[in-house]
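Structure data follow from model11.cif (mmCIF, C-alpha atoms):
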data_protein
#
loop_
_atom_site.label_atom_id
_atom_site.label_comp_id
_atom_site.auth_asym_id
_atom_site.auth_seq_id
_atom_site.Cartn_x
_atom_site.Cartn_y
_atom_site.Cartn_z
CA GLY Y 1 -26.92 1.96 51.51
CA GLU Y 2 -25.61 1.19 54.96
CA ASN Y 3 -28.13 1.29 57.78
CA VAL Y 4 -26.82 1.49 61.34
CA GLU Y 5 -29.22 0.93 64.21
CA GLN Y 6 -28.19 1.75 67.77
CA HIS Y 7 -29.76 0.66 71.06
CA PRO Y 8 -30.71 1.77 73.60
CA SER Y 9 -31.43 5.42 72.89
CA THR Y 10 -31.06 6.26 76.60
CA LEU Y 11 -29.21 4.41 79.35
CA SER Y 12 -28.96 5.22 83.03
CA VAL Y 13 -26.50 3.40 85.30
CA GLN Y 14 -25.08 3.90 88.76
CA GLU Y 15 -21.48 4.87 89.19
CA GLY Y 16 -19.28 1.79 89.17
CA ASP Y 17 -21.67 -0.30 87.10
CA SER Y 18 -21.03 -1.38 83.50
CA ALA Y 19 -22.75 0.06 80.44
CA VAL Y 20 -23.27 -1.69 77.11
CA ILE Y 21 -24.42 -0.08 73.86
CA LYS Y 22 -25.19 -2.19 70.80
CA CYS Y 23 -25.24 -1.41 67.09
CA THR Y 24 -26.23 -3.43 64.05
CA TYR Y 25 -25.31 -2.76 60.44
CA SER Y 26 -26.67 -3.98 57.13
CA ASP Y 27 -23.73 -4.04 54.69
CA SER Y 28 -21.76 -7.26 55.18
CA ALA Y 29 -18.76 -5.62 53.44
CA SER Y 30 -18.47 -2.90 56.12
CA ASN Y 31 -14.91 -2.85 57.42
CA TYR Y 32 -14.44 -0.03 59.94
CA PHE Y 33 -16.43 0.67 63.11
CA PRO Y 34 -15.62 3.73 65.24
CA TRP Y 35 -17.30 4.96 68.41
CA TYR Y 36 -17.62 8.66 69.25
CA LYS Y 37 -18.43 10.41 72.53
CA GLN Y 38 -20.13 13.79 72.46
CA GLU Y 39 -20.54 15.88 75.60
CA LEU Y 40 -23.28 18.48 75.68
CA GLY Y 41 -22.51 21.33 73.32
CA LYS Y 42 -19.16 19.87 72.29
CA ARG Y 43 -17.70 18.16 69.26
CA PRO Y 44 -17.85 14.36 68.76
CA GLN Y 45 -14.57 12.74 69.78
CA LEU Y 46 -13.32 9.29 68.85
CA ILE Y 47 -12.98 7.00 71.87
CA ILE Y 48 -12.24 3.65 70.23
CA ASP Y 49 -12.47 1.97 66.83
CA ILE Y 50 -12.24 -1.55 65.44
CA ARG Y 51 -11.62 -2.99 62.01
CA SER Y 52 -13.28 -6.01 60.47
CA ASN Y 53 -10.23 -8.26 60.88
CA VAL Y 54 -10.36 -7.93 64.69
CA GLY Y 55 -13.00 -9.35 67.04
CA GLU Y 56 -12.30 -7.30 70.14
CA LYS Y 57 -10.31 -4.25 71.20
CA LYS Y 58 -9.79 -2.79 74.66
CA ASP Y 59 -8.51 0.53 75.96
CA GLN Y 60 -8.54 0.81 79.75
CA ARG Y 61 -12.23 0.85 80.82
CA ILE Y 62 -13.56 0.81 77.26
CA ALA Y 63 -13.87 -2.19 74.96
CA VAL Y 64 -15.53 -2.87 71.63
CA THR Y 65 -16.56 -6.27 70.29
CA LEU Y 66 -17.45 -7.11 66.70
CA ASN Y 67 -19.52 -10.06 65.46
CA LYS Y 68 -19.26 -10.05 61.65
CA THR Y 69 -21.53 -13.04 61.21
CA ALA Y 70 -24.38 -11.39 63.09
CA LYS Y 71 -23.41 -7.91 61.79
CA HIS Y 72 -23.37 -6.25 65.17
CA PHE Y 73 -20.82 -4.51 67.38
CA SER Y 74 -20.97 -3.29 70.94
CA LEU Y 75 -19.33 -0.74 73.23
CA HIS Y 76 -18.62 -1.82 76.81
CA ILE Y 77 -17.73 0.68 79.52
CA THR Y 78 -16.71 -0.78 82.89
CA GLU Y 79 -16.51 0.96 86.27
CA THR Y 80 -18.52 3.89 84.96
CA GLN Y 81 -17.87 7.38 86.32
CA PRO Y 82 -20.05 10.53 86.22
CA GLU Y 83 -17.71 12.01 83.58
CA ASP Y 84 -18.71 9.15 81.26
CA SER Y 85 -22.13 10.83 80.97
CA ALA Y 86 -22.51 11.88 77.33
CA VAL Y 87 -24.06 10.84 74.02
CA TYR Y 88 -22.28 7.94 72.33
CA PHE Y 89 -22.47 7.32 68.58
CA CYS Y 90 -21.50 4.19 66.71
CA ALA Y 91 -20.67 4.27 63.01
CA ALA Y 92 -19.88 1.87 60.20
CA LYS Y 93 -18.02 2.39 56.96
CA ARG Y 94 -19.56 0.73 53.95
CA GLY Y 95 -17.47 -1.70 51.95
CA SER Y 96 -17.45 0.71 49.00
CA GLY Y 97 -17.02 4.48 49.08
CA TYR Y 98 -15.57 6.68 51.79
CA ALA Y 99 -18.48 7.65 54.02
CA LEU Y 100 -19.37 6.65 57.57
CA ASN Y 101 -22.97 5.98 58.53
CA PHE Y 102 -23.76 6.92 62.11
CA GLY Y 103 -26.27 5.49 64.52
CA LYS Y 104 -28.71 7.91 66.15
CA GLY Y 105 -26.87 7.93 69.46
CA THR Y 106 -27.24 6.70 73.04
CA SER Y 107 -27.56 9.19 75.86
CA LEU Y 108 -25.69 7.70 78.84
CA LEU Y 109 -26.26 9.06 82.33
CA VAL Y 110 -24.04 7.88 85.17
CA THR Y 111 -25.47 8.79 88.57
CA PRO Y 112 -23.25 9.01 91.66
CA ASN O 1 -2.02 22.61 66.06
CA ALA O 2 -5.58 23.91 66.07
CA GLY O 3 -6.99 20.77 64.42
CA VAL O 4 -10.26 21.51 62.59
CA THR O 5 -11.45 25.12 62.76
CA GLN O 6 -14.98 26.15 61.80
CA THR O 7 -16.31 29.67 61.33
CA PRO O 8 -18.66 31.13 62.32
CA LYS O 9 -19.67 29.43 65.59
CA PHE O 10 -23.21 30.84 65.52
CA GLN O 11 -25.33 32.40 62.79
CA VAL O 12 -28.93 33.48 62.36
CA LEU O 13 -30.28 33.85 58.82
CA LYS O 14 -33.57 34.78 57.27
CA THR O 15 -35.27 32.43 54.83
CA GLY O 16 -33.83 32.91 51.34
CA GLN O 17 -30.49 34.36 52.46
CA SER O 18 -27.24 32.72 51.41
CA MET O 19 -24.29 31.81 53.57
CA THR O 20 -20.96 30.01 53.39
CA LEU O 21 -19.66 27.98 56.32
CA GLN O 22 -15.90 27.79 56.46
CA CYS O 23 -13.75 24.86 57.57
CA ALA O 24 -9.97 24.54 57.70
CA GLN O 25 -7.68 21.80 59.04
CA ASP O 26 -3.97 21.97 59.79
CA MET O 27 -3.27 18.24 60.10
CA ASN O 28 -2.41 17.67 56.42
CA HIS O 29 -5.42 15.36 56.11
CA ASN O 30 -6.62 14.22 52.73
CA SER O 31 -10.34 13.71 53.40
CA MET O 32 -12.84 16.27 54.66
CA TYR O 33 -16.53 15.98 55.49
CA TRP O 34 -19.58 18.09 56.26
CA TYR O 35 -22.30 16.73 58.58
CA ARG O 36 -25.48 18.11 60.02
CA GLN O 37 -26.72 17.10 63.46
CA ASP O 38 -30.38 17.34 64.38
CA PRO O 39 -31.96 16.18 67.66
CA GLY O 40 -32.54 12.42 67.65
CA MET O 41 -31.06 12.03 64.16
CA GLY O 42 -27.39 11.51 64.84
CA LEU O 43 -24.85 12.80 62.34
CA ARG O 44 -25.88 12.82 58.69
CA LEU O 45 -23.34 13.30 55.93
CA ILE O 46 -24.01 16.19 53.55
CA TYR O 47 -20.90 16.11 51.33
CA TYR O 48 -17.41 14.78 51.51
CA SER O 49 -14.11 15.22 49.71
CA ALA O 50 -11.71 12.30 49.53
CA SER O 51 -8.93 14.47 48.16
CA GLU O 52 -8.21 17.94 46.88
CA GLY O 53 -10.24 18.61 43.77
CA THR O 54 -12.91 15.95 44.37
CA THR O 55 -16.28 16.15 46.11
CA ASP O 56 -19.11 13.64 46.47
CA LYS O 57 -22.67 13.77 47.73
CA GLY O 58 -23.57 12.19 51.04
CA GLU O 59 -26.93 11.25 52.51
CA VAL O 60 -28.55 14.72 52.58
CA PRO O 61 -26.98 16.97 49.89
CA ASN O 62 -30.08 18.83 48.67
CA GLY O 63 -29.90 22.58 49.23
CA TYR O 64 -26.13 22.62 49.73
CA ASN O 65 -23.00 23.07 47.65
CA VAL O 66 -19.37 22.56 48.62
CA SER O 67 -15.94 23.67 47.49
CA ARG O 68 -12.64 21.99 48.30
CA LEU O 69 -10.57 25.14 47.87
CA ASN O 70 -7.25 23.43 48.62
CA LYS O 71 -6.05 20.60 50.84
CA ARG O 72 -6.73 22.61 54.01
CA GLU O 73 -10.11 24.18 53.31
CA PHE O 74 -13.57 22.79 52.62
CA SER O 75 -16.51 25.18 52.55
CA LEU O 76 -20.27 24.54 52.65
CA ARG O 77 -22.67 26.95 50.96
CA LEU O 78 -26.38 27.43 51.44
CA GLU O 79 -27.63 29.30 48.37
CA SER O 80 -31.17 29.97 49.60
CA ALA O 81 -31.57 29.07 53.26
CA ALA O 82 -34.74 27.31 54.44
CA PRO O 83 -36.01 26.75 58.00
CA SER O 84 -35.45 22.99 57.50
CA GLN O 85 -31.73 23.74 57.35
CA THR O 86 -31.67 24.92 60.95
CA SER O 87 -29.14 22.59 62.51
CA VAL O 88 -25.68 22.21 63.97
CA TYR O 89 -23.11 21.72 61.21
CA PHE O 90 -19.88 19.83 61.84
CA CYS O 91 -16.84 19.68 59.62
CA ALA O 92 -14.43 16.75 60.00
CA SER O 93 -11.21 15.54 58.46
CA SER O 94 -9.32 12.24 58.33
CA PRO O 95 -5.80 11.31 57.19
CA GLY O 96 -6.44 8.82 54.42
CA THR O 97 -8.66 8.63 51.38
CA GLY O 98 -10.36 5.31 52.09
CA GLY O 99 -12.70 6.45 54.84
CA ASN O 100 -11.49 3.86 57.34
CA GLN O 101 -9.48 6.13 59.60
CA PRO O 102 -10.56 8.27 62.56
CA GLN O 103 -12.35 11.49 61.76
CA HIS O 104 -11.48 14.64 63.70
CA PHE O 105 -14.32 17.09 64.19
CA GLY O 106 -14.49 20.85 64.52
CA ASP O 107 -16.50 22.62 67.22
CA GLY O 108 -19.53 23.07 64.98
CA THR O 109 -21.57 25.95 63.59
CA ARG O 110 -25.00 26.50 65.14
CA LEU O 111 -27.23 27.83 62.36
CA SER O 112 -30.77 29.11 62.84
CA ILE O 113 -32.94 30.08 59.89
CA LEU O 114 -36.04 32.14 60.59
#

Could you write out this file's structure as structure tokens?
Amino acid sequence: GENVEQHPSTLSVQEGDSAVIKCTYSDSASNYFPWYKQELGKRPQLIIDIRSNVGEKKDQRIAVTLNKTAKHFSLHITETQPEDSAVYFCAAKRGSGYALNFGKGTSLLVTP
Amino acid sequence: NAGVTQTPKFQVLKTGQSMTLQCAQDMNHNSMYWYRQDPGMGLRLIYYSASEGTTDKGEVPNGYNVSRLNKREFSLRLESAAPSQTSVYFCASSPGTGGNQPQHFGDGTRLSIL
């Protein structure tokens, strides 16, 4: 089955700096890659997603890049703010079936 | 719209007791999912339902059963609870049936089994 590895597990940056989280996947037929943000004690919420026919997608301070050849995708947050502090999860949908496989999460801390 | 509603929010059970976690969505979504979230393990899929009347096992289905009662409701049952099932359980739904659309999550049920 699909195996999604996420790095780093924890990340600390200063306010205003950029943060990058990377994920790799194993199924070359995977075609959908969402990113979720989860604040402490809250539900996961989608922040951005990308499909396999697109190499990059941007939404204000957040961008995601996909390298299908290398089977990895990354989340980029620019001009970080304290409210960006949360756990971020990447996920990949296998080429067959309906399920998403999630990475184990990255705990991001943005210090003022 | 309430989105995805889970009940109860918290529950404490004794080993061997049974319990049903309820989930309902009002977005007319086709697919619904049950996940468990444990510290350091991310979200692991227990069961999913691509459409009304169908259910499929996910990564960690042992010890659980599900029922897709209608398009809105998808329940998760623990027949004989075990301490290893202590976790936070999330229900989610998505519009399509192919799995490649955003999933919307409920607030979760925090379940402790003693």

Cut-off 12 Å: closest chain Y/chain O atom pairs per residue, using all atoms listed in the file, as CSV:
residue,atom,partner,partner_atom,distance
Y:Gly1,CA,O:Glu59,CA,9.3
Y:Glu2,CA,O:Glu59,CA,10.4
Y:Asn3,CA,O:Glu59,CA,11.3
Y:Val4,CA,O:Gly42,CA,10.6
Y:Glu5,CA,O:Gly42,CA,10.8
Y:Gln6,CA,O:Gly42,CA,10.2
Y:Ser9,CA,O:Gly40,CA,8.8
Y:Thr10,CA,O:Gly40,CA,11.0
Y:Ser30,CA,O:Asn100,CA,9.8
Y:Asn31,CA,O:Asn100,CA,7.5
Y:Tyr32,CA,O:Asn100,CA,5.5
Y:Phe33,CA,O:Asn100,CA,8.2
Y:Pro34,CA,O:Pro102,CA,7.3
Y:Trp35,CA,O:Pro102,CA,9.5
Y:Tyr36,CA,O:Gln103,CA,9.6
Y:Lys37,CA,O:Phe105,CA,11.4
Y:Gln38,CA,O:Phe105,CA,10.6
Y:Glu39,CA,O:Asp107,CA,11.5
Y:Leu40,CA,O:Asp107,CA,11.6
Y:Gly41,CA,O:Asp107,CA,8.7
Y:Lys42,CA,O:Asp107,CA,6.4
Y:Arg43,CA,O:Asp107,CA,5.0
Y:Pro44,CA,O:Phe105,CA,6.4
Y:Gln45,CA,O:His104,CA,7.1
Y:Leu46,CA,O:Pro102,CA,6.9
Y:Ile47,CA,O:Pro102,CA,9.7
Y:Ile48,CA,O:Pro102,CA,9.1
Y:Asp49,CA,O:Pro102,CA,7.8
Y:Ile50,CA,O:Asn100,CA,9.8
Y:Arg51,CA,O:Asn100,CA,8.3
Y:Ser52,CA,O:Asn100,CA,10.5
Y:Val87,CA,O:Gly42,CA,9.8
Y:Tyr88,CA,O:Gly42,CA,9.7
Y:Phe89,CA,O:Gly42,CA,7.5
Y:Cys90,CA,O:Gly42,CA,9.6
Y:Ala91,CA,O:Leu43,CA,9.5
Y:Ala92,CA,O:Asn100,CA,9.1
Y:Lys93,CA,O:Asn100,CA,6.7
Y:Arg94,CA,O:Gly99,CA,9.0
Y:Gly95,CA,O:Asn100,CA,9.8
Y:Ser96,CA,O:Gly98,CA,9.0
Y:Gly97,CA,O:Gly98,CA,7.4
Y:Tyr98,CA,O:Gly99,CA,4.2
Y:Ala99,CA,O:Gly99,CA,6.0
Y:Leu100,CA,O:Gly99,CA,7.2
Y:Asn101,CA,O:Arg44,CA,7.4
Y:Phe102,CA,O:Leu43,CA,6.0
Y:Gly103,CA,O:Gly42,CA,6.1
Y:Lys104,CA,O:Gly42,CA,4.1
Y:Gly105,CA,O:Gly42,CA,5.9
Y:Thr106,CA,O:Gly40,CA,9.5
Y:Ser107,CA,O:Gly40,CA,10.1

Could you turn the residues from that selection into a file that holds C-alpha atoms, as an mmCIF file, in the coordinates of the input?
data_model
loop_
_atom_site.group_PDB
_atom_site.id
_atom_site.type_symbol
_atom_site.label_atom_id
_atom_site.label_comp_id
_atom_site.auth_asym_id
_atom_site.auth_seq_id
_atom_site.Cartn_x
_atom_site.Cartn_y
_atom_site.Cartn_z
ATOM 1 C CA GLY Y 1 -26.920 1.960 51.510
ATOM 2 C CA GLU Y 2 -25.610 1.190 54.960
ATOM 3 C CA ASN Y 3 -28.130 1.290 57.780
ATOM 4 C CA VAL Y 4 -26.820 1.490 61.340
ATOM 5 C CA GLU Y 5 -29.220 0.930 64.210
ATOM 6 C CA GLN Y 6 -28.190 1.750 67.770
ATOM 7 C CA SER Y 9 -31.430 5.420 72.890
ATOM 8 C CA THR Y 10 -31.060 6.260 76.600
ATOM 9 C CA SER Y 30 -18.470 -2.900 56.120
ATOM 10 C CA ASN Y 31 -14.910 -2.850 57.420
ATOM 11 C CA TYR Y 32 -14.440 -0.030 59.940
ATOM 12 C CA PHE Y 33 -16.430 0.670 63.110
ATOM 13 C CA PRO Y 34 -15.620 3.730 65.240
ATOM 14 C CA TRP Y 35 -17.300 4.960 68.410
ATOM 15 C CA TYR Y 36 -17.620 8.660 69.250
ATOM 16 C CA LYS Y 37 -18.430 10.410 72.530
ATOM 17 C CA GLN Y 38 -20.130 13.790 72.460
ATOM 18 C CA GLU Y 39 -20.540 15.880 75.600
ATOM 19 C CA LEU Y 40 -23.280 18.480 75.680
ATOM 20 C CA GLY Y 41 -22.510 21.330 73.320
ATOM 21 C CA LYS Y 42 -19.160 19.870 72.290
ATOM 22 C CA ARG Y 43 -17.700 18.160 69.260
ATOM 23 C CA PRO Y 44 -17.850 14.360 68.760
ATOM 24 C CA GLN Y 45 -14.570 12.740 69.780
ATOM 25 C CA LEU Y 46 -13.320 9.290 68.850
ATOM 26 C CA ILE Y 47 -12.980 7.000 71.870
ATOM 27 C CA ILE Y 48 -12.240 3.650 70.230
ATOM 28 C CA ASP Y 49 -12.470 1.970 66.830
ATOM 29 C CA ILE Y 50 -12.240 -1.550 65.440
ATOM 30 C CA ARG Y 51 -11.620 -2.990 62.010
ATOM 31 C CA SER Y 52 -13.280 -6.010 60.470
ATOM 32 C CA VAL Y 87 -24.060 10.840 74.020
ATOM 33 C CA TYR Y 88 -22.280 7.940 72.330
ATOM 34 C CA PHE Y 89 -22.470 7.320 68.580
ATOM 35 C CA CYS Y 90 -21.500 4.190 66.710
ATOM 36 C CA ALA Y 91 -20.670 4.270 63.010
ATOM 37 C CA ALA Y 92 -19.880 1.870 60.200
ATOM 38 C CA LYS Y 93 -18.020 2.390 56.960
ATOM 39 C CA ARG Y 94 -19.560 0.730 53.950
ATOM 40 C CA GLY Y 95 -17.470 -1.700 51.950
ATOM 41 C CA SER Y 96 -17.450 0.710 49.000
ATOM 42 C CA GLY Y 97 -17.020 4.480 49.080
ATOM 43 C CA TYR Y 98 -15.570 6.680 51.790
ATOM 44 C CA ALA Y 99 -18.480 7.650 54.020
ATOM 45 C CA LEU Y 100 -19.370 6.650 57.570
ATOM 46 C CA ASN Y 101 -22.970 5.980 58.530
ATOM 47 C CA PHE Y 102 -23.760 6.920 62.110
ATOM 48 C CA GLY Y 103 -26.270 5.490 64.520
ATOM 49 C CA LYS Y 104 -28.710 7.910 66.150
ATOM 50 C CA GLY Y 105 -26.870 7.930 69.460
ATOM 51 C CA THR Y 106 -27.240 6.700 73.040
ATOM 52 C CA SER Y 107 -27.560 9.190 75.860
#

Could you jot down the atom CA of Ser85 of chain Y to atom CA of Gln11 of chain O separation for me, Å, one decimal place?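 These atoms are spaced 28.4 Å apart.
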
Rounded to one decimal in Å, what is the spacing between atom CA of Arg68 of chain O and atom CA of Gln22 of chain O?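 Atom-to-atom, atom CA of Arg68 of chain O to atom CA of Gln22 of chain O, that is 10.5 Å.
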
Mind checking which residues fall within 8 Å of Thr5 of chain O, counting only C-alpha atoms, ignoring those fewer than 2 positions away in the same chain, and posting them as a PyMOL selection string? chain O and resi 2-3+7+23-25+106-107

Could you take the residues named above and write them with C-alpha atoms, as a PDB file, in the frame of the given file?
ATOM      1  CA  ALA O   2      -5.580  23.910  66.070  1.00  0.00           C
ATOM      2  CA  GLY O   3      -6.990  20.770  64.420  1.00  0.00           C
ATOM      3  CA  THR O   7     -16.310  29.670  61.330  1.00  0.00           C
ATOM      4  CA  CYS O  23     -13.750  24.860  57.570  1.00  0.00           C
ATOM      5  CA  ALA O  24      -9.970  24.540  57.700  1.00  0.00           C
ATOM      6  CA  GLN O  25      -7.680  21.800  59.040  1.00  0.00           C
ATOM      7  CA  GLY O 106     -14.490  20.850  64.520  1.00  0.00           C
ATOM      8  CA  ASP O 107     -16.500  22.620  67.220  1.00  0.00           C
TER       9      ASP O 107
END

Answer key for the PyMOL selection byres ((chain Y and resi 112) around 10), residues as a VMD selection string: chain Y and resid 13 to 16 80 to 82 109 to 111

Selection above as a file: C-alpha atoms, as a short mmCIF file (atom, residue, chain, number, x, y, z; two decimals), in the frame of the given file:
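Output file again00.cif is given in full below:
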data_model
loop_
_atom_site.label_atom_id
_atom_site.label_comp_id
_atom_site.auth_asym_id
_atom_site.auth_seq_id
_atom_site.Cartn_x
_atom_site.Cartn_y
_atom_site.Cartn_z
CA VAL Y 13 -26.50 3.40 85.30
CA GLN Y 14 -25.08 3.90 88.76
CA GLU Y 15 -21.48 4.87 89.19
CA GLY Y 16 -19.28 1.79 89.17
CA THR Y 80 -18.52 3.89 84.96
CA GLN Y 81 -17.87 7.38 86.32
CA PRO Y 82 -20.05 10.53 86.22
CA LEU Y 109 -26.26 9.06 82.33
CA VAL Y 110 -24.04 7.88 85.17
CA THR Y 111 -25.47 8.79 88.57
#

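Nearest residue to Gln60 of chain Y among Y:Ala29, Y:Ile77, Y:Cys23, Y:Leu108 is Y:Ile77, counting all atoms listed in the file.
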
Output of the PyMOL selection byres ((chain Y and resi 67) around 12), listed as a VMD selection string: chain Y and resid 22 to 25 28 30 to 31 33 50 to 56 64 to 66 68 to 74

For a test of reading the model, state the distance in Å between atom CA of Gly53 of chain O and atom CA of Ser67 of chain O, rounded to one decimal.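 Between atom CA of Gly53 of chain O and atom CA of Ser67 of chain O the gap is 8.5 Å.
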
Edge lengths and centre in Å to one decimal, as AutoDock Vina command-line options, of the axis-aligned box that encloses all listed atoms of segment 7-12 of chain Y with 5 Å added on every side?
--center_x -30.2 --center_y 3.5 --center_z 77.0 --size_x 12.5 --size_y 15.6 --size_z 22.0

Kindly indicate which residue among O:Ala81, O:Leu111, O:Leu69, O:Met32 lies nearest to Ser18 of chain O, using all atoms listed in the file for the distances.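 Counting all atoms listed in the file, the residue closest to Ser18 of chain O is O:Ala81.
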
Quick one: residues within 7 Å of (-29.6, -0.1, 76.6) (file frame), counting only C-alpha atoms, please, as a PyMOL selection string. chain Y and resi 7-11+20-21

Selected residue, from O:Asn30, O:Arg36, O:Leu21, O:Ile113, that lies nearest to Asn65 of chain O when counting all atoms listed in the file: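 Among O:Asn30, O:Arg36, O:Leu21, O:Ile113, it is O:Leu21 that comes nearest to Asn65 of chain O.
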
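Minimum atom-to-atom distances from Y:His76, Y:Ser26, Y:Ser18, Y:Asp84 to Lys57 of chain Y were compared using all atoms listed in the file, and the lowest value belongs to Y:His76.
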
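Residue nearest Gln17 of chain O, chosen from O:Gln85, O:Ser94, O:Thr109, O:Ser80 and counting only C-alpha atoms: O:Ser80.
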
Quick one: residues within 8 Å of Lys71 of chain O, all atoms listed in the file, excluding same-chain residues fewer than 4 positions away - as a PyMOL selection string? chain O and resi 28-30+51-52
